[in-house]
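**Q** Here you go, protein01.txt (compact mmCIF, C-alpha atoms):
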# COMPACT_ATOMS: atom_id res chain seq x y z
CA MET B 17 26.77 66.25 7.62
CA ASP B 18 29.93 66.88 9.62
CA VAL B 19 32.62 69.36 8.59
CA ASP B 20 35.26 66.71 7.77
CA THR B 21 32.91 64.87 5.42
CA ALA B 22 31.89 68.13 3.74
CA ALA B 23 35.56 69.12 3.32
CA LYS B 24 36.37 65.75 1.73
CA GLN B 25 33.46 66.12 -0.67
CA ILE B 26 34.50 69.64 -1.69
CA ALA B 27 38.13 68.55 -2.08
CA SER B 28 36.94 65.85 -4.49
CA LEU B 29 35.24 68.29 -6.88
CA GLU B 30 36.22 67.26 -10.39
CA PHE B 31 37.46 70.70 -11.42
CA LEU B 32 39.99 70.60 -8.52
CA SER B 33 41.43 67.23 -9.60
CA SER B 34 44.49 68.85 -11.20
CA LEU B 35 45.53 70.29 -7.82
CA ASN B 36 47.68 68.38 -5.35
CA GLU B 37 46.01 66.80 -2.33
CA GLN B 38 47.08 69.48 0.16
CA THR B 39 45.90 72.33 -2.09
CA ARG B 40 42.54 70.60 -2.57
CA ALA B 41 42.20 70.29 1.22
CA ASP B 42 43.16 73.94 1.69
CA VAL B 43 40.68 75.06 -0.97
CA ALA B 44 37.94 72.97 0.67
CA GLY B 45 38.68 74.76 3.93
CA VAL B 46 38.29 78.12 2.20
CA PHE B 47 34.94 77.05 0.70
CA LEU B 48 33.68 75.98 4.12
CA ASN B 49 34.94 79.18 5.79
CA VAL B 50 32.83 81.36 3.49
CA SER B 51 29.79 79.11 3.07
CA ASP B 52 26.49 78.55 4.77
CA VAL B 53 25.49 74.90 4.63
CA PHE B 54 21.83 74.14 3.94
CA HIS B 55 19.84 70.91 3.94
CA TYR B 56 17.21 70.43 1.24
CA GLU B 57 14.30 68.02 1.02
CA ASP B 58 13.16 66.27 -2.16
CA GLY B 59 11.94 68.80 -4.74
CA GLU B 60 13.11 71.83 -2.79
CA PRO B 61 14.96 74.36 -4.99
CA LEU B 62 18.57 75.33 -4.31
CA ILE B 63 18.47 77.82 -7.20
CA ASN B 64 15.40 79.29 -8.91
CA ALA B 65 15.39 80.24 -12.60
CA GLY B 66 14.49 83.87 -13.11
CA TYR B 67 15.82 85.01 -9.73
CA LEU B 68 18.82 87.32 -9.42
CA SER B 69 22.07 85.50 -8.78
CA PHE B 70 23.57 88.06 -6.36
CA ASP B 71 27.10 86.68 -6.86
CA THR B 72 26.24 83.38 -5.15
CA GLY B 73 27.65 80.00 -5.95
CA TYR B 74 26.91 76.57 -4.52
CA VAL B 75 28.63 73.29 -3.95
CA LEU B 76 26.28 70.34 -3.87
CA VAL B 77 28.01 68.51 -1.02
CA ASP B 78 25.73 65.53 -0.57
CA GLY B 79 22.89 63.96 -2.51
CA LYS B 80 21.55 64.57 -5.99
CA ALA B 81 19.88 67.45 -7.79
CA ALA B 82 18.13 68.08 -11.09
CA ILE B 83 19.04 71.09 -13.21
CA GLU B 84 15.84 72.15 -14.96
CA PHE B 85 16.05 74.32 -18.08
CA THR B 86 13.23 76.03 -19.95
CA ASP B 87 14.50 74.96 -23.37
CA ARG B 88 15.86 71.42 -22.88
CA ASP B 89 15.55 68.28 -20.78
CA PRO B 90 16.69 68.37 -17.15
CA ILE B 91 20.08 67.05 -16.13
CA GLU B 92 20.59 65.05 -12.96
CA ILE B 93 23.81 65.63 -11.04
CA SER B 94 25.37 64.00 -7.98
CA ALA B 95 27.52 65.47 -5.26
CA PRO B 96 30.04 66.89 -5.29
CA ALA B 97 29.21 69.49 -7.93
CA LEU B 98 29.88 73.20 -8.38
CA LEU B 99 26.84 75.27 -9.32
CA GLY B 100 26.36 78.93 -10.21
CA GLU B 101 29.87 79.67 -11.43
CA MET B 102 28.65 82.15 -14.04
CA ALA B 103 27.10 84.32 -11.29
CA GLN B 104 30.53 85.68 -10.41
CA PHE B 105 30.56 87.54 -13.71
CA ARG B 106 26.92 88.58 -13.88
CA SER B 107 25.78 89.08 -10.28
CA ALA B 108 22.80 91.19 -11.36
CA ASP B 109 21.73 88.59 -13.90
CA MET B 110 18.84 86.16 -13.69
CA ARG B 111 19.47 82.50 -13.03
CA SER B 112 19.08 80.49 -16.22
CA ALA B 113 17.97 77.22 -14.59
CA THR B 114 16.26 75.85 -11.51
CA VAL B 115 18.22 73.34 -9.44
CA ARG B 116 16.08 71.02 -7.27
CA ALA B 117 17.07 68.45 -4.70
CA LYS B 118 16.39 64.88 -5.76
CA GLY B 119 15.83 63.26 -2.41
CA SER B 120 17.65 64.72 0.56
CA ALA B 121 20.60 66.98 -0.36
CA VAL B 122 23.14 69.27 1.28
CA ALA B 123 24.68 72.33 -0.38
CA ALA B 124 27.17 74.98 0.67
CA GLN B 125 26.16 78.46 -0.50
CA PHE B 126 28.83 81.16 -0.81
CA TYR B 127 29.52 84.53 -2.39
CA TRP B 128 32.16 84.41 -5.11
CA GLU B 129 33.74 87.66 -3.96
CA ASP B 130 34.14 86.28 -0.41
CA LEU B 131 35.53 83.03 -1.76
CA TYR B 132 38.23 84.74 -3.82
CA GLU B 133 39.11 87.25 -1.12
CA THR B 134 39.48 84.52 1.51
CA ALA B 135 41.41 82.28 -0.88
CA GLU B 136 43.86 85.10 -1.54
CA GLN B 137 44.32 85.62 2.20
CA GLN B 138 44.51 81.99 3.31
CA LEU B 139 46.19 80.15 0.45
CA ALA B 140 49.83 80.32 -0.53
CA ASP B 141 50.40 82.25 -3.77
CA ASN B 142 50.92 79.10 -5.85
CA GLU B 143 47.82 77.45 -4.34
CA HIS B 144 45.73 80.55 -4.96
CA GLN B 145 46.82 80.74 -8.59
CA SER B 146 46.23 77.00 -9.11
CA PHE B 147 42.75 77.36 -7.64
CA ARG B 148 41.90 80.36 -9.86
CA ASP B 149 43.18 78.46 -12.91
CA ALA B 150 41.01 75.45 -12.00
CA VAL B 151 37.91 77.65 -11.69
CA GLU B 152 38.66 79.27 -15.06
CA ARG B 153 38.99 75.84 -16.70
CA GLN B 154 35.60 74.88 -15.22
CA ILE B 155 34.01 78.06 -16.55
CA TRP B 156 35.62 77.52 -19.94
CA GLN B 157 34.06 74.04 -20.17
CA ARG B 158 30.58 75.33 -19.26
CA PHE B 159 30.65 78.57 -21.26
CA GLU B 160 27.65 78.35 -23.60
CA PHE B 161 28.68 80.99 -26.12
CA LYS B 162 31.97 79.57 -27.38
CA GLU B 163 31.34 81.02 -30.87
CA ILE B 164 32.04 84.48 -29.41
CA LEU B 165 35.51 83.29 -28.43
CA ASP B 166 36.33 82.47 -32.06
CA LEU B 167 35.77 85.99 -33.37
CA ALA B 168 38.81 87.46 -35.12
CA LEU B 169 38.68 90.40 -32.73
CA PHE B 170 39.89 88.11 -29.91
CA SER B 171 42.25 85.86 -31.89
CA GLY B 172 45.47 87.33 -30.45
CA LEU B 173 44.44 86.82 -26.83
CA THR B 174 45.24 83.82 -24.65
CA GLU B 175 42.31 81.50 -23.93
CA PRO B 176 41.87 82.65 -20.30
CA LEU B 177 41.95 86.31 -21.33
CA ARG B 178 39.49 85.70 -24.21
CA LEU B 179 37.12 84.05 -21.75
CA ARG B 180 37.33 86.95 -19.31
CA VAL B 181 36.73 89.47 -22.09
CA CYS B 182 33.82 87.52 -23.59
CA LEU B 183 31.90 86.52 -20.45
CA PRO B 184 29.80 89.72 -20.27
CA PHE B 185 28.55 89.38 -23.87
CA PRO B 186 25.69 86.92 -23.18
CA SER B 187 24.32 89.27 -20.52
CA ILE B 188 24.57 92.25 -22.88
CA ALA B 189 22.89 90.26 -25.66
CA GLU B 190 20.05 89.26 -23.31
CA ARG B 191 19.46 92.88 -22.32
CA LEU B 192 19.41 93.95 -25.98
CA ARG B 193 16.94 91.20 -26.81
CA LEU B 194 14.69 92.33 -23.96
CA LYS B 195 14.92 95.93 -25.12
CA GLU B 196 13.92 94.92 -28.67
CA VAL B 197 10.83 93.13 -27.33
CA ASP B 198 9.75 96.18 -25.31
Output the file's structure as structure tokens, nothing else.
**A**
Amino acid sequence: MDVDTAAKQIASLEFLSSLNEQTRADVAGVFLNVSDVFHYEDGEPLINAGYLSFDTGYVLVDGKAAIEFTDRDPIEISAPALLGEMAQFRSADMRSATVRAKGSAVAAQFYWEDLYETAEQQLADNEHQSFRDAVERQIWQRFEFKEILDLALFSGLTEPLRLRVCLPFPSIAERLRLKEVD
């Protein structure tokens, strides 16, 4: 896959749709600047459940993949798709699902810290903030523990701040559950 096609795919990520065309193109350039692009064959894993996340995210740039969970049916996704967005908050956490290529697929792997640092350097202030807001909206939609957000303790906070404050709780709860089993 050539760089222009990959950039167009990344720019068309659904969570970036609220950004203007130039900002989407600039953000796609940032993604490609910090990513390694890998080709996957049918059945080959992009992400393995139970492995440490190490702050990595992925953009499925071409093809399809299946997200396989231990406790529910798999979900099939098509490019373009952002994967691993929760890893930026819990880099020492285990992956919760396996993602496998369905047929031939291409994905860009990046480190969240590198992505944000490069975005801050290369994007205009308003583009950078719009990009960060878009990522937060994506995380908000995929956050599995929304009941935590409704606790009275957090009721006076804005939604983005509540999300930032609450994101570590699932990791803490998992560690406590493991400790209880030991």
**Q** Write out as a PyMOL selection string which residues come within 7 Å of range 17-25 of chain B when counting all atoms listed in the file, dropping same-chain ones fewer than 2 positions away.
**A** chain B and resi 27-29+44-45+77+96
**Q** Could you please determine the separation between CA of Glu84 in chain B and CA of Arg153 in chain B in Å, to one decimal place?
**A**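 Computed distance, CA of Glu84 in chain B to CA of Arg153 in chain B, equals 23.5 Å.
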**Q** Mind giving me the straight-line distance from CA of Val53 in chain B to CA of Ser34 in chain B in Å, one decimal?
**A**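 Result for CA of Val53 in chain B versus CA of Ser34 in chain B: 25.5 Å, one decimal.
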**Q** What separation in Å, quoted to one decimal, exists between CA of Gln145 in chain B and CA of Ala124 in chain B?
**A**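 Interatomic distance here is 22.5 Å.
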**Q** Return as JSON lines the residues of range 36-85 of chain B lying at most 8 Å from range 132-141 of chain B, together with the closest atom-to-atom pair for each and the distance in Å to one decimal, counting all atoms listed in the file, with rows in chain order and ascending residue number.
**A**
{"residue": "B:Asp42", "atom": "CA", "partner": "B:Leu139", "partner_atom": "CA", "distance": 7.0}
{"residue": "B:Val43", "atom": "CA", "partner": "B:Ala135", "partner_atom": "CA", "distance": 7.3}
{"residue": "B:Val46", "atom": "CA", "partner": "B:Ala135", "partner_atom": "CA", "distance": 6.0}
{"residue": "B:Val50", "atom": "CA", "partner": "B:Thr134", "partner_atom": "CA", "distance": 7.6}
**Q** From the options B:Gly100, B:Gly66, B:Gly59, B:Gly172, which residue's atoms come nearest to Lys118 in chain B, counting all atoms listed in the file?
**A** B:Gly59
